>>> print(open('data.cif').read())   # mmCIF, C-alpha atoms (C1' of nucleotides)
data_query
#
loop_
_atom_site.label_atom_id
_atom_site.label_comp_id
_atom_site.auth_asym_id
_atom_site.auth_seq_id
_atom_site.Cartn_x
_atom_site.Cartn_y
_atom_site.Cartn_z
CA MET J 11 -16.05 17.68 -23.77
CA CYS J 12 -16.89 20.33 -21.25
CA PRO J 13 -18.21 23.51 -22.91
CA VAL J 14 -17.11 26.10 -20.45
CA SER J 15 -18.11 29.66 -20.88
CA THR J 16 -19.81 30.23 -24.21
CA SER J 17 -22.97 28.18 -24.30
CA ARG J 18 -26.19 28.53 -22.38
CA GLN J 19 -27.02 26.12 -19.61
CA TYR J 20 -28.69 22.87 -20.48
CA HIS J 21 -30.23 21.94 -17.21
CA HIS J 22 -27.88 23.05 -14.58
CA GLY J 23 -25.00 24.62 -16.37
CA ASP J 24 -21.95 23.14 -14.77
CA LEU J 25 -23.12 20.46 -12.44
CA ARG J 26 -19.73 18.87 -12.12
CA SER J 27 -18.13 21.93 -10.61
CA ALA J 28 -21.19 22.61 -8.51
CA LEU J 29 -20.99 19.11 -7.08
CA VAL J 30 -17.31 19.37 -6.29
CA ALA J 31 -17.96 22.72 -4.64
CA SER J 32 -20.83 21.53 -2.50
CA ALA J 33 -18.93 18.37 -1.64
CA SER J 34 -15.93 20.42 -0.54
CA LYS J 35 -18.05 22.62 1.65
CA LEU J 36 -19.76 19.61 3.11
CA LEU J 37 -16.46 17.93 3.81
CA GLN J 38 -15.05 20.98 5.49
CA LYS J 39 -18.08 21.55 7.67
CA GLN J 40 -19.24 18.09 8.59
CA GLY J 41 -16.38 15.75 7.93
CA LEU J 42 -15.83 12.87 5.59
CA ALA J 43 -18.46 10.60 7.08
CA ALA J 44 -21.20 13.13 6.39
CA LEU J 45 -20.13 13.60 2.80
CA SER J 46 -22.70 11.66 0.82
CA LEU J 47 -23.40 11.79 -2.88
CA ARG J 48 -27.03 12.41 -2.20
CA GLU J 49 -26.41 15.32 0.12
CA ALA J 50 -24.05 16.90 -2.37
CA ALA J 51 -26.68 16.50 -5.05
CA ARG J 52 -29.32 17.97 -2.78
CA ARG J 53 -27.21 21.05 -2.15
CA ALA J 54 -26.59 21.45 -5.84
CA GLY J 55 -30.35 21.33 -6.34
CA VAL J 56 -30.49 18.22 -8.48
CA SER J 57 -31.83 14.73 -8.11
CA HIS J 58 -29.89 12.13 -6.19
CA ASN J 59 -28.86 10.31 -9.33
CA ALA J 60 -27.66 13.22 -11.41
CA PRO J 61 -24.10 13.02 -10.07
CA TYR J 62 -23.66 9.66 -11.78
CA ARG J 63 -23.53 11.47 -15.11
CA HIS J 64 -20.31 13.09 -13.96
CA PHE J 65 -18.80 10.68 -11.47
CA ALA J 66 -18.66 6.92 -11.72
CA ASP J 67 -19.23 6.57 -8.00
CA ARG J 68 -18.76 8.23 -4.67
CA GLU J 69 -15.06 7.57 -4.76
CA ALA J 70 -14.68 9.49 -8.00
CA LEU J 71 -16.30 12.52 -6.43
CA LEU J 72 -13.96 12.27 -3.46
CA ALA J 73 -11.06 12.02 -5.88
CA ALA J 74 -12.15 15.23 -7.56
CA VAL J 75 -12.33 17.03 -4.23
CA ALA J 76 -8.90 15.70 -3.26
CA GLU J 77 -7.53 16.78 -6.60
CA ASP J 78 -8.59 20.33 -5.90
CA GLY J 79 -6.92 20.02 -2.55
CA PHE J 80 -3.61 18.94 -4.07
CA ARG J 81 -3.81 21.77 -6.56
CA LEU J 82 -4.22 24.25 -3.75
CA LEU J 83 -1.42 22.68 -1.76
CA ALA J 84 0.92 22.76 -4.73
CA LEU J 85 0.22 26.44 -5.22
CA ARG J 86 0.93 27.18 -1.61
CA LEU J 87 4.19 25.27 -1.70
CA GLU J 88 5.30 26.88 -4.92
CA ASP J 89 4.69 30.26 -3.33
CA ALA J 90 6.58 29.36 -0.18
CA GLY J 91 9.40 27.66 -2.07
CA LEU J 92 11.33 30.88 -2.50
CA GLY J 93 11.84 31.15 1.23
CA GLY J 94 13.80 27.91 1.56
CA GLY J 95 13.18 24.49 3.06
CA ARG J 96 11.95 25.55 6.43
CA ASP J 97 9.32 27.94 5.10
CA LEU J 98 8.13 25.17 2.86
CA GLY J 99 7.61 22.92 5.83
CA GLU J 100 5.70 25.52 7.74
CA ALA J 101 3.52 26.24 4.75
CA TYR J 102 2.76 22.54 4.50
CA VAL J 103 1.71 22.31 8.12
CA ALA J 104 -0.28 25.51 7.86
CA PHE J 105 -2.20 24.13 4.94
CA ALA J 106 -3.07 21.00 6.88
CA LEU J 107 -4.25 22.97 9.88
CA GLU J 108 -6.36 25.28 7.77
CA HIS J 109 -8.06 22.43 5.90
CA PRO J 110 -8.00 19.50 8.30
CA GLN J 111 -10.74 17.46 6.70
CA LEU J 112 -9.48 18.08 3.22
CA PHE J 113 -5.98 17.11 4.24
CA ARG J 114 -7.25 13.87 5.76
CA LEU J 115 -9.14 13.07 2.60
CA MET J 116 -6.05 13.70 0.51
CA PHE J 117 -3.86 11.43 2.60
CA GLY J 118 -6.36 9.17 4.31
CA GLY J 119 -5.90 6.28 1.95
CA GLN J 120 -9.57 6.26 1.05
CA ILE J 121 -8.77 6.99 -2.56
CA PRO J 122 -6.58 4.71 -4.67
CA ILE J 123 -4.56 7.47 -6.23
CA ASP J 124 -3.25 5.45 -9.13
CA ARG J 125 -6.73 5.03 -10.47
CA TYR J 126 -7.12 8.77 -10.93
CA PRO J 127 -4.42 10.20 -13.20
CA ALA J 128 -5.50 13.79 -12.70
CA LEU J 129 -5.22 13.31 -8.97
CA ARG J 130 -1.79 11.78 -9.27
CA GLU J 131 -0.61 14.64 -11.39
CA GLN J 132 -1.56 17.29 -8.87
CA ALA J 133 -0.04 15.23 -6.08
CA SER J 134 3.17 14.97 -8.04
CA ARG J 135 3.18 18.69 -8.53
CA ALA J 136 3.08 19.21 -4.78
CA HIS J 137 5.81 16.62 -4.40
CA GLY J 138 7.92 18.44 -6.97
CA ALA J 139 7.61 21.76 -5.17
CA LEU J 140 9.01 20.13 -2.05
CA SER J 141 11.78 18.26 -3.82
CA LYS J 142 13.10 21.32 -5.56
CA ALA J 143 14.35 22.73 -2.28
CA PHE J 144 16.71 19.78 -1.89
CA SER J 145 17.92 19.43 -5.43
CA GLY J 146 21.43 20.57 -4.62
CA VAL J 147 22.16 18.21 -1.76
CA GLY J 148 24.81 15.56 -2.29
CA SER J 149 24.26 12.94 -4.96
CA GLU J 150 21.01 12.70 -6.81
CA ARG J 151 19.96 9.85 -4.62
CA ASP J 152 20.89 11.71 -1.47
CA ALA J 153 18.82 14.62 -2.67
CA ALA J 154 15.81 12.40 -3.33
CA ASN J 155 16.13 10.80 0.07
CA ALA J 156 16.56 14.14 1.76
CA ALA J 157 13.42 15.40 0.07
CA ALA J 158 11.55 12.27 1.13
CA ALA J 159 12.76 12.71 4.69
CA ALA J 160 11.80 16.37 4.79
CA TRP J 161 8.39 15.61 3.36
CA SER J 162 7.94 12.83 5.89
CA LEU J 163 8.83 15.16 8.70
CA VAL J 164 6.36 17.88 7.86
CA HIS J 165 3.68 15.45 6.79
CA GLY J 166 3.89 13.49 10.00
CA LEU J 167 3.92 16.64 12.03
CA ALA J 168 0.79 17.88 10.30
CA GLN J 169 -0.99 14.58 10.76
CA LEU J 170 -0.07 14.23 14.42
CA LEU J 171 -1.14 17.79 15.13
CA LEU J 172 -4.48 17.21 13.46
CA ASP J 173 -5.10 14.11 15.50
CA GLY J 174 -4.19 15.84 18.72
CA HIS J 175 -1.37 13.46 19.44
CA LEU J 176 1.21 16.09 20.17
CA PRO J 177 0.81 17.98 23.41
CA ARG J 178 1.70 21.42 22.20
CA ALA J 179 4.54 22.62 24.32
CA GLY J 180 4.86 25.88 22.46
CA GLY J 181 1.66 27.42 23.73
CA ALA J 182 -1.47 28.04 21.74
CA ASP J 183 -0.02 28.88 18.37
CA PRO J 184 0.43 25.71 16.33
CA ARG J 185 2.44 27.51 13.71
CA ALA J 186 5.07 28.50 16.23
CA PHE J 187 5.04 24.98 17.56
CA ALA J 188 5.61 23.61 14.09
CA HIS J 189 8.53 25.99 13.64
CA GLU J 190 10.04 24.77 16.87
CA VAL J 191 9.61 21.09 16.15
CA ILE J 192 10.99 21.34 12.65
CA GLY J 193 14.01 23.03 14.10
CA ALA J 194 14.38 20.35 16.74
CA ILE J 195 14.97 17.64 14.18
CA ARG J 196 18.68 18.34 14.49
CA PHE J 197 18.62 17.24 18.12
CA ALA J 198 16.96 14.06 17.04
CA VAL J 199 19.65 13.51 14.46
CA GLY J 200 22.27 14.04 17.14
CA ALA J 201 20.68 11.52 19.47
CA GLN J 202 20.43 9.09 16.61
CA ARG J 203 24.14 9.33 15.93
CA SER J 204 25.14 8.80 19.51
CA ALA J 205 22.88 5.77 19.88
CA MET C 18 -39.36 -19.97 16.25
CA CYS C 19 -36.48 -22.08 17.35
CA PRO C 20 -37.58 -24.32 20.21
CA VAL C 21 -34.35 -26.32 20.01
CA SER C 22 -31.96 -24.38 22.15
CA THR C 23 -29.98 -26.90 24.14
CA SER C 24 -26.68 -26.97 22.29
CA ARG C 25 -26.74 -23.37 21.19
CA GLN C 26 -25.70 -21.03 23.94
CA TYR C 27 -27.88 -18.00 24.32
CA HIS C 28 -25.12 -16.11 26.00
CA HIS C 29 -22.05 -15.94 23.91
CA GLY C 30 -19.49 -15.91 26.67
CA ASP C 31 -17.23 -13.11 25.65
CA LEU C 32 -18.95 -11.35 22.85
CA ARG C 33 -17.05 -8.13 23.28
CA SER C 34 -13.70 -9.72 22.52
CA ALA C 35 -15.19 -11.79 19.75
CA LEU C 36 -16.56 -8.65 18.10
CA VAL C 37 -13.27 -6.81 18.35
CA ALA C 38 -11.52 -9.84 16.88
CA SER C 39 -13.87 -10.24 13.94
CA ALA C 40 -13.84 -6.51 13.35
CA SER C 41 -10.04 -6.51 13.29
CA LYS C 42 -9.94 -9.32 10.83
CA LEU C 43 -12.53 -7.62 8.69
CA LEU C 44 -10.63 -4.37 8.75
CA GLN C 45 -7.40 -6.03 7.78
CA LYS C 46 -8.90 -8.01 4.92
CA GLN C 47 -11.47 -5.69 3.43
CA GLY C 48 -10.63 -2.21 4.64
CA LEU C 49 -12.37 0.31 6.77
CA ALA C 50 -15.29 0.89 4.45
CA ALA C 51 -16.28 -2.77 4.64
CA LEU C 52 -16.13 -2.84 8.40
CA SER C 53 -19.76 -2.75 9.45
CA LEU C 54 -21.30 -3.49 12.80
CA ARG C 55 -23.66 -5.95 11.21
CA GLU C 56 -20.96 -7.89 9.43
CA ALA C 57 -18.89 -8.10 12.59
CA ALA C 58 -21.92 -9.42 14.43
CA ARG C 59 -22.59 -11.92 11.67
CA ARG C 60 -19.06 -13.28 11.88
CA ALA C 61 -19.34 -13.57 15.62
CA GLY C 62 -22.47 -15.65 15.06
CA VAL C 63 -24.78 -13.24 16.77
CA SER C 64 -27.75 -11.11 15.85
CA HIS C 65 -27.22 -7.75 14.23
CA ASN C 66 -28.17 -5.82 17.34
CA ALA C 67 -26.21 -7.72 19.94
CA PRO C 68 -23.16 -5.46 19.61
CA TYR C 69 -25.12 -2.61 21.13
CA ARG C 70 -24.90 -4.32 24.51
CA HIS C 71 -21.15 -3.77 24.37
CA PHE C 72 -20.59 -0.76 22.17
CA ALA C 73 -22.57 2.45 22.12
CA ASP C 74 -22.20 2.75 18.36
CA ARG C 75 -20.00 1.88 15.45
CA GLU C 76 -17.43 4.44 16.45
CA ALA C 77 -16.98 2.77 19.83
CA LEU C 78 -16.20 -0.53 18.14
CA LEU C 79 -13.66 1.18 15.91
CA ALA C 80 -12.15 2.76 18.98
CA ALA C 81 -11.74 -0.65 20.59
CA VAL C 82 -10.02 -2.00 17.48
CA ALA C 83 -7.75 1.03 17.35
CA GLU C 84 -6.97 0.60 21.04
CA ASP C 85 -5.73 -2.90 20.37
CA GLY C 86 -3.64 -1.46 17.58
CA PHE C 87 -1.99 1.07 19.84
CA ARG C 88 -1.35 -1.61 22.41
CA LEU C 89 0.43 -3.69 19.82
CA LEU C 90 2.39 -0.71 18.53
CA ALA C 91 3.48 0.22 22.03
CA LEU C 92 4.74 -3.31 22.61
CA ARG C 93 6.70 -3.26 19.40
CA LEU C 94 8.28 0.06 20.22
CA GLU C 95 9.13 -0.95 23.75
CA ASP C 96 10.87 -3.99 22.34
CA ALA C 97 12.76 -1.99 19.75
CA GLY C 98 13.59 0.78 22.17
CA LEU C 99 16.74 -0.92 23.41
CA GLY C 100 18.33 -0.61 20.01
CA GLY C 101 18.29 3.19 19.93
CA GLY C 102 16.38 5.85 18.06
CA ARG C 103 16.89 4.57 14.57
CA ASP C 104 15.67 1.07 15.32
CA LEU C 105 12.62 2.59 16.92
CA GLY C 106 11.85 4.46 13.75
CA GLU C 107 12.21 1.41 11.61
CA ALA C 108 10.02 -0.60 13.93
CA TYR C 109 7.38 2.11 13.66
CA VAL C 110 7.42 2.04 9.88
CA ALA C 111 7.46 -1.75 9.85
CA PHE C 112 4.36 -1.83 12.01
CA ALA C 113 2.54 0.50 9.67
CA LEU C 114 3.49 -1.56 6.62
CA GLU C 115 2.42 -4.81 8.26
CA HIS C 116 -0.94 -3.45 9.36
CA PRO C 117 -1.80 -0.77 6.85
CA GLN C 118 -5.53 -0.65 7.46
CA LEU C 119 -5.15 -0.75 11.20
CA PHE C 120 -2.58 2.02 11.08
CA ARG C 121 -4.91 4.16 9.02
CA LEU C 122 -7.72 3.58 11.45
CA MET C 123 -5.49 4.56 14.36
CA PHE C 124 -4.38 7.80 12.76
CA GLY C 125 -7.08 8.51 10.24
CA GLY C 126 -8.91 11.00 12.39
CA GLN C 127 -12.11 8.98 12.23
CA ILE C 128 -12.09 8.48 15.97
CA PRO C 129 -12.15 11.40 18.39
CA ILE C 130 -9.48 10.04 20.70
CA ASP C 131 -10.32 12.23 23.63
CA ARG C 132 -13.69 10.61 23.94
CA TYR C 133 -12.14 7.21 24.60
CA PRO C 134 -9.84 7.27 27.63
CA ALA C 135 -8.63 3.71 27.17
CA LEU C 136 -7.63 4.57 23.62
CA ARG C 137 -5.85 7.70 24.74
CA GLU C 138 -3.93 5.73 27.31
CA GLN C 139 -2.57 3.18 24.86
CA ALA C 140 -1.70 5.94 22.43
CA SER C 141 0.20 7.72 25.15
CA ARG C 142 2.04 4.54 25.94
CA ALA C 143 3.29 4.34 22.37
CA HIS C 144 4.21 7.99 22.53
CA GLY C 145 6.13 7.38 25.71
CA ALA C 146 8.14 4.57 24.20
CA LEU C 147 9.27 6.92 21.46
CA SER C 148 10.00 9.83 23.76
CA LYS C 149 12.20 7.80 26.05
CA ALA C 150 14.85 7.51 23.38
CA PHE C 151 15.31 11.30 23.40
CA SER C 152 15.09 11.96 27.09
CA GLY C 153 18.74 12.90 27.40
CA VAL C 154 18.88 15.50 24.67
CA GLY C 155 19.47 19.12 25.67
CA SER C 156 16.89 20.81 27.85
CA GLU C 157 13.63 19.16 28.71
CA ARG C 158 11.88 21.19 26.08
CA ASP C 159 14.50 20.34 23.48
CA ALA C 160 14.04 16.69 24.29
CA ALA C 161 10.27 16.93 23.92
CA ASN C 162 10.64 18.74 20.62
CA ALA C 163 13.22 16.27 19.39
CA ALA C 164 10.89 13.40 20.23
CA ALA C 165 8.04 15.15 18.45
CA ALA C 166 10.24 15.71 15.43
CA ALA C 167 11.42 12.11 15.36
CA TRP C 168 7.90 10.84 15.72
CA SER C 169 6.75 13.15 12.95
CA LEU C 170 9.49 11.89 10.68
CA VAL C 171 8.71 8.21 11.03
CA HIS C 172 4.98 8.76 11.13
CA GLY C 173 5.00 10.79 7.97
CA LEU C 174 7.26 8.29 6.28
CA ALA C 175 4.92 5.45 7.17
CA GLN C 176 1.89 7.34 5.96
CA LEU C 177 3.44 8.42 2.69
CA LEU C 178 4.68 4.90 2.00
CA LEU C 179 1.22 3.48 2.64
CA ASP C 180 -0.36 5.94 0.27
CA GLY C 181 2.20 5.22 -2.43
CA HIS C 182 3.38 8.80 -2.53
CA LEU C 183 7.04 8.02 -2.31
CA PRO C 184 8.63 6.53 -5.40
CA ARG C 185 10.82 3.94 -3.73
CA ALA C 186 14.33 4.60 -4.86
CA GLY C 187 15.79 1.84 -2.71
CA GLY C 188 14.42 -1.01 -4.74
CA ALA C 189 11.66 -3.33 -3.68
CA ASP C 190 12.30 -3.59 0.04
CA PRO C 191 10.41 -0.86 1.85
CA ARG C 192 12.25 -1.54 5.08
CA ALA C 193 15.59 -0.79 3.47
CA PHE C 194 14.08 2.31 1.93
CA ALA C 195 12.85 3.46 5.30
CA HIS C 196 16.32 2.97 6.73
CA GLU C 197 17.81 5.04 3.97
CA VAL C 198 15.31 7.89 4.24
CA ILE C 199 15.58 8.11 8.00
CA GLY C 200 19.30 8.37 7.59
CA ALA C 201 18.92 11.07 4.95
CA ILE C 202 17.24 13.45 7.34
CA ARG C 203 20.64 14.85 8.16
CA PHE C 204 21.06 16.02 4.56
CA ALA C 205 17.75 17.76 4.87
CA VAL C 206 18.90 19.43 8.06
CA GLY C 207 22.02 20.59 6.28
CA ALA C 208 20.03 22.05 3.42
CA GLN C 209 17.77 23.72 5.88
CA ARG C 210 20.66 25.41 7.61
CA SER C 211 22.18 26.70 4.43
CA ALA C 212 18.87 28.08 3.18
"C1'" DG X 5 -37.47 -20.90 44.41
"C1'" DC X 6 -37.68 -16.27 42.30
"C1'" DG X 7 -37.12 -11.76 40.70
"C1'" DG X 8 -34.11 -8.47 38.51
"C1'" DG X 9 -30.40 -7.08 35.72
"C1'" DA X 10 -27.40 -8.35 32.05
"C1'" DT X 11 -27.35 -10.19 27.60
"C1'" DG X 12 -29.41 -11.47 22.80
"C1'" DT X 13 -33.25 -11.43 19.46
"C1'" DT X 14 -36.73 -9.68 16.32
"C1'" DG X 15 -38.85 -5.96 13.93
"C1'" DA X 16 -38.95 -1.47 12.12
"C1'" DC X 17 -37.31 3.09 10.28
"C1'" DA X 18 -34.52 6.37 7.77
"C1'" DC X 19 -30.74 6.77 5.13
"C1'" DT X 20 -27.10 5.54 1.69
"C1'" DG X 21 -24.86 3.93 -2.76
"C1'" DG X 22 -25.96 2.09 -6.94
"C1'" DG X 23 -28.72 0.13 -11.28
"C1'" DC X 24 -32.64 0.63 -14.48
"C1'" DA X 25 -35.86 2.77 -17.68
"C1'" DC X 26 -37.66 7.03 -19.07
"C1'" DA X 27 -38.02 12.23 -19.77
"C1'" DT X 28 -35.91 16.40 -21.15
"C1'" DC X 29 -33.02 19.42 -23.48
"C1'" DC X 30 -29.04 20.81 -26.67
"C1'" DT X 31 -26.41 20.16 -30.95
"C1'" DT X 32 -25.75 18.86 -35.44
"C1'" DA X 33 -26.79 17.11 -40.07
"C1'" DT X 34 -30.05 17.23 -43.36
"C1'" DA L 5 -36.36 24.39 -39.78
"C1'" DT L 6 -36.59 20.18 -38.48
"C1'" DA L 7 -35.62 15.51 -37.25
"C1'" DA L 8 -32.08 12.40 -35.36
"C1'" DG L 9 -29.13 11.53 -31.60
"C1'" DG L 10 -26.49 12.11 -27.72
"C1'" DA L 11 -25.80 14.44 -23.38
"C1'" DT L 12 -28.01 15.42 -19.10
"C1'" DG L 13 -31.40 14.83 -15.26
"C1'" DT L 14 -35.54 12.28 -12.99
"C1'" DG L 15 -38.17 8.37 -10.70
"C1'" DC L 16 -38.49 4.15 -8.95
"C1'" DC L 17 -36.21 0.05 -7.16
"C1'" DC L 18 -33.04 -2.79 -4.38
"C1'" DA L 19 -29.63 -4.36 -0.93
"C1'" DG L 20 -27.13 -2.95 2.94
"C1'" DT L 21 -26.31 -0.13 7.12
"C1'" DG L 22 -26.79 2.24 11.85
"C1'" DT L 23 -29.89 2.79 15.37
"C1'" DC L 24 -34.18 2.59 18.29
"C1'" DA L 25 -37.87 -0.01 20.80
"C1'" DA L 26 -40.08 -4.09 22.48
"C1'" DC L 27 -39.53 -8.68 23.68
"C1'" DA L 28 -37.07 -13.21 25.07
"C1'" DT L 29 -33.71 -15.68 27.65
"C1'" DC L 30 -30.31 -16.58 30.90
"C1'" DC L 31 -27.62 -16.17 35.37
"C1'" DC L 32 -26.91 -14.65 40.10
"C1'" DG L 33 -28.15 -12.99 44.79
"C1'" DC L 34 -31.97 -13.08 47.99
#
>>> encode(input="data.cif", output="structure tokens")
Amino acid sequence: MCPVSTSRQYHHGDLRSALVASASKLLQKQGLAALSLREAARRAGVSHNAPYRHFADREALLAAVAEDGFRLLALRLEDAGLGGGRDLGEAYVAFALEHPQLFRLMFGGQIPIDRYPALREQASRAHGALSKAFSGVGSERDAANAAAAAWSLVHGLAQLLLDGHLPRAGGADPRAFAHEVIGAIRFAVGAQRSA
Amino acid sequence: MCPVSTSRQYHHGDLRSALVASASKLLQKQGLAALSLREAARRAGVSHNAPYRHFADREALLAAVAEDGFRLLALRLEDAGLGGGRDLGEAYVAFALEHPQLFRLMFGGQIPIDRYPALREQASRAHGALSKAFSGVGSERDAANAAAAAWSLVHGLAQLLLDGHLPRAGGADPRAFAHEVIGAIRFAVGAQRSA
DNA sequence: GCGGGATGTTGACACTGGGCACATCCTTAT
DNA sequence: ATAAGGATGTGCCCAGTGTCAACATCCCGC
């Protein structure tokens, strides 16, 4: 399929990777709207139609970029997993803040995940890293729900921070703010009970 | 040349509203990618450049649609607010599930909110409706953080449900699932403490 | 009336995603 | 080694889009 290291280059060598790379850079610098197939091709030094040999359409290229994103996120979470649930959450938010555009692409609903098995797999990996921290809580179902709730919490926090919806009470440092908010969920739970 | 112009009104009457309406419908039915200025104009029965008398560019039209979305969300939350924090959360998720595309537009980061004061105001209104439920919790700062945490939780849950990231354990009904997950946050808090 | 500003229209340009036929190069079987 | 054949990349084409500029039409205050 994809001869990796041994053979000489045909025309470009590894256009697929080059395209994903230039697309990622483009996404990070200029945002999703500016990410065009043609521009990515231009930066990779090939004609505007060459990408179609590697990606069915623009969406497929986006999916490849997102897949890389999920892979990176999963790695981060697996690293942070040793520190417990709260560290996981902060790592999640940190990832989003470091790669805002990438994060939006990954969760922006632009890509129908089920159509890209490789994408789904990396996403599941990230999911798994989060779930593991809650595997010992109550029944199996309780654990799954707790994991879903925790994921929701940190995911929503990341998203709202990116969109500038949360007036950051905790000063300039978003990481500290995230720490504070994640901790404050217990107050919310309390209020919920009393209501 | 169309010399017959008696029945056909040259001035549309309220083109701005008509454009927002057709854009909303378009968004809901076909998704953000299919929402073009030209198509919206076409559906409003007007030439492809007429929108520019009311919107500086495509983004401004999107902002107007999103503004309507926030207005609707705020209303929903204000209605649900009487029932307490948990009802609020479920109303939030329900809104997202009923208007998936609109919700994504509102929070997809496509629109720089700060550039559209009217948008910001409606968004703040929704925020306020959520915050009110936590106004009595601990110190003022605790309350703000609790509100942020609660918002994050339901927002993340909505987003993850829309993207199909959460395998729904609770059967077919997403509303019941949302109820369950929101309730499960306390397990997550417990796990967090013990970690 | 009538002139000016708001509103719509037509035309044009650059750009994009995507399809087609053709050129180029590598690999493999003969 | 060489010819067949498939993988890879190129050009040219088309429809659709956002946006600008010039022009047409309408409505309101003088």
>>> resolve_selection(input="data.cif", expression="the PyMOL selection byres ((chain C) within 7 of (chain J))", output="PyMOL selection string")
chain C and resi 101-103+124-126+151+154+159+162-167+169-174+180+198-199+201-206+208-209+212
>>> resolve_selection(input="data.cif", expression="the PyMOL selection byres ((chain L) within 12 of (chain C))", output="list in words")
DG20, DT21, DG22, DT23, DC24, DA25, DA28, DT29, DC30 and DC31 of chain L
>>> write_last_selection(input="data.cif", atoms="C-alpha atoms (C1' of nucleotides)", output="PDB file, keeping the file's coordinate frame")
ATOM      1  C1'  DG L  20     -27.130  -2.950   2.940  1.00  0.00           C
ATOM      2  C1'  DT L  21     -26.310  -0.130   7.120  1.00  0.00           C
ATOM      3  C1'  DG L  22     -26.790   2.240  11.850  1.00  0.00           C
ATOM      4  C1'  DT L  23     -29.890   2.790  15.370  1.00  0.00           C
ATOM      5  C1'  DC L  24     -34.180   2.590  18.290  1.00  0.00           C
ATOM      6  C1'  DA L  25     -37.870  -0.010  20.800  1.00  0.00           C
ATOM      7  C1'  DA L  28     -37.070 -13.210  25.070  1.00  0.00           C
ATOM      8  C1'  DT L  29     -33.710 -15.680  27.650  1.00  0.00           C
ATOM      9  C1'  DC L  30     -30.310 -16.580  30.900  1.00  0.00           C
ATOM     10  C1'  DC L  31     -27.620 -16.170  35.370  1.00  0.00           C
TER      11       DC L  31
END
>>> atom_distance(input="data.cif", atom1="CA of Asp78 (chain J)", atom2="CA of Leu37 (chain J)")
12.7 Å
>>> resolve_selection(input="data.cif", expression="the PyMOL selection byres ((chain L and resi 7) around 10)", output="list in words")
DA33 and DT34 of chain X; DA5, DT6, DA8 and DG9 of chain L
>>> calpha_fit_rmsd(input="data.cif", fixed="chain J", moving="chain C")
4.7 Å
>>> interface_residues(input="data.cif", of="chain X", to="chain C", cutoff="12 Å", atoms="only C-alpha atoms (C1' of nucleotides)", output="PyMOL selection string")
chain X and resi 10-15
>>> atom_distance(input="data.cif", atom1="CA of Val82 (chain C)", atom2="CA of Ala111 (chain C)")
19.1 Å
>>> atom_distance(input="data.cif", atom1="CA of Ser41 (chain C)", atom2="CA of Phe72 (chain C)")
14.9 Å
>>> residues_near_point(input="data.cif", point="(-38.7, 7.3, -15.3)", cutoff="9 Å", atoms="only C-alpha atoms (C1' of nucleotides)", output="list in words")
DA25, DC26 and DA27 of chain X; DT14, DG15 and DC16 of chain L
>>> write_last_selection(input="data.cif", atoms="C-alpha atoms (C1' of nucleotides)", output="PDB file, in the coordinates of the input")
ATOM      1  C1'  DA X  25     -35.860   2.770 -17.680  1.00  0.00           C
ATOM      2  C1'  DC X  26     -37.660   7.030 -19.070  1.00  0.00           C
ATOM      3  C1'  DA X  27     -38.020  12.230 -19.770  1.00  0.00           C
TER       4       DA X  27
ATOM      5  C1'  DT L  14     -35.540  12.280 -12.990  1.00  0.00           C
ATOM      6  C1'  DG L  15     -38.170   8.370 -10.700  1.00  0.00           C
ATOM      7  C1'  DC L  16     -38.490   4.150  -8.950  1.00  0.00           C
TER       8       DC L  16
END
>>> decode(input="data.cif", residues="region 7-33 of chain L", atoms="C-alpha atoms (C1' of nucleotides)", output="PDB file, in the first residue's frame")
ATOM      1  C1'  DA L   7       7.348  -3.984 -22.351  1.00  0.00           C
ATOM      2  C1'  DA L   8       2.914  -3.963 -19.870  1.00  0.00           C
ATOM      3  C1'  DG L   9       0.342  -1.868 -16.324  1.00  0.00           C
ATOM      4  C1'  DG L  10      -0.824   0.551 -12.436  1.00  0.00           C
ATOM      5  C1'  DA L  11       0.158   4.315  -9.330  1.00  0.00           C
ATOM      6  C1'  DT L  12       0.872   9.173  -9.221  1.00  0.00           C
ATOM      7  C1'  DG L  13       0.634  14.054 -10.872  1.00  0.00           C
ATOM      8  C1'  DT L  14      -0.831  17.720 -14.517  1.00  0.00           C
ATOM      9  C1'  DG L  15      -4.045  20.681 -17.396  1.00  0.00           C
ATOM     10  C1'  DC L  16      -8.200  22.154 -18.659  1.00  0.00           C
ATOM     11  C1'  DC L  17     -13.101  22.563 -17.669  1.00  0.00           C
ATOM     12  C1'  DC L  18     -17.352  23.568 -15.070  1.00  0.00           C
ATOM     13  C1'  DA L  19     -20.652  25.145 -11.525  1.00  0.00           C
ATOM     14  C1'  DG L  20     -21.018  27.659  -7.424  1.00  0.00           C
ATOM     15  C1'  DT L  21     -19.583  31.244  -4.087  1.00  0.00           C
ATOM     16  C1'  DG L  22     -18.260  35.863  -1.810  1.00  0.00           C
ATOM     17  C1'  DT L  23     -17.486  40.391  -2.894  1.00  0.00           C
ATOM     18  C1'  DC L  24     -16.869  44.839  -5.504  1.00  0.00           C
ATOM     19  C1'  DA L  25     -18.578  48.530  -8.691  1.00  0.00           C
ATOM     20  C1'  DA L  26     -21.963  50.748 -11.515  1.00  0.00           C
ATOM     21  C1'  DC L  27     -26.618  51.339 -12.394  1.00  0.00           C
ATOM     22  C1'  DA L  28     -31.892  51.284 -11.563  1.00  0.00           C
ATOM     23  C1'  DT L  29     -35.822  52.053  -8.738  1.00  0.00           C
ATOM     24  C1'  DC L  30     -38.465  53.486  -5.010  1.00  0.00           C
ATOM     25  C1'  DC L  31     -39.931  56.404  -0.924  1.00  0.00           C
ATOM     26  C1'  DC L  32     -39.787  60.464   2.030  1.00  0.00           C
ATOM     27  C1'  DG L  33     -38.844  65.321   3.366  1.00  0.00           C
TER      28       DG L  33
END
